[in-house]
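Trainee: Would you mind keeping the following structure in view while I ask a few things?
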Amino acid sequence: MTDPKTGDKVATVTNTITETPEGELMMTFTFTVGANGPFNVPGDAEQQEKTRAKIALDAMQRTLEVTRQLVKDKKI
């Protein structure tokens with residue numbers, strides 16, 4: 001994932017699709033996020049964390065939408 005303002009890499013996301021014995025598909029998201037500065041620092045660090053959390057949530061939601069469509073189309 002990249003920061004939309006700076007283009008800097010802020011995280012790596014790995015998506016793993018597995019199948020249960022019953023045939024259900026499951027997707028696991030793994031996020032590796034870089035340092036956000038020292039704890040208890042007011043101001044920008046907290047806002048950056050909120051921004052990164054929103055980016056991550058948006059990425060997960062879009063990935064699920066696309067994956068569901070691929071399953072529906074029998075492409076996976």
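Letters A, B, ... go to the chains of the structure tokens in the order shown; residues in each chain start at 1; ligands are counted from 1 in the same order.
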List as number ranges by chain the protein and nucleic acid residues near A:Thr16, meaning an atom at most 9 Å away when only C-alpha atoms are counted, but skip any in the same chain fewer than 5 places from it.

Mentor: A: 26-30

Trainee: Need the shell around A:Met1: protein/DNA/RNA residues with any atom at most 7 Å away, counting only C-alpha atoms. Skip same-chain ones fewer than 4 positions apart. Format as a list in words?

Mentor: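 Returned residues: Lys9, Val10, Ala11 and Thr12 of chain A.
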
Trainee: Just list as a short mmCIF file (atom, residue, chain, number, x, y, z; two decimals) with C-alpha atoms, in the first residue's frame whatever in chain A DSSP marks as helix (DSSP H, G or I).

Mentor:
```cif
data_model
loop_
_atom_site.label_atom_id
_atom_site.label_comp_id
_atom_site.auth_asym_id
_atom_site.auth_seq_id
_atom_site.Cartn_x
_atom_site.Cartn_y
_atom_site.Cartn_z
CA ASP A 44 0.36 14.04 13.04
CA ALA A 45 1.25 10.48 14.14
CA GLU A 46 -2.29 9.75 15.31
CA GLN A 47 -3.82 11.18 12.13
CA GLN A 48 -1.40 9.14 10.00
CA GLU A 49 -2.50 5.98 11.80
CA LYS A 50 -6.17 6.78 11.18
CA THR A 51 -5.45 7.44 7.52
CA ARG A 52 -3.56 4.16 7.17
CA ALA A 53 -6.36 2.24 8.89
CA LYS A 54 -8.89 3.70 6.43
CA ILE A 55 -6.68 2.83 3.46
CA ALA A 56 -6.38 -0.74 4.78
CA LEU A 57 -10.13 -1.09 5.31
CA ASP A 58 -10.87 0.29 1.84
CA ALA A 59 -8.34 -2.13 0.31
CA MET A 60 -9.90 -5.09 2.10
CA GLN A 61 -13.42 -4.13 1.05
CA ARG A 62 -12.43 -3.71 -2.61
CA THR A 63 -10.46 -6.96 -2.61
CA LEU A 64 -13.48 -8.82 -1.24
CA GLU A 65 -15.75 -7.29 -3.89
CA VAL A 66 -13.41 -8.34 -6.71
CA THR A 67 -12.85 -11.80 -5.25
CA ARG A 68 -16.58 -12.42 -4.83
CA GLN A 69 -17.13 -11.44 -8.46
CA LEU A 70 -14.34 -13.79 -9.60
CA VAL A 71 -15.94 -16.64 -7.65
CA LYS A 72 -19.37 -15.81 -9.08
#
```

Trainee: I need the residues of chain A that end up classed as strand (DSSP E or B) by DSSP on the backbone, written out as a list in words.

Mentor: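 Filtering chain A to strand (DSSP E or B) leaves Thr2, Lys9, Ala11, Thr12, Val13, Thr14, Asn15, Thr16, Ile17, Thr18, Glu19, Leu25, Met26, Met27, Thr28, Phe29, Thr30, Phe31, Thr32 and Val33 of chain A.
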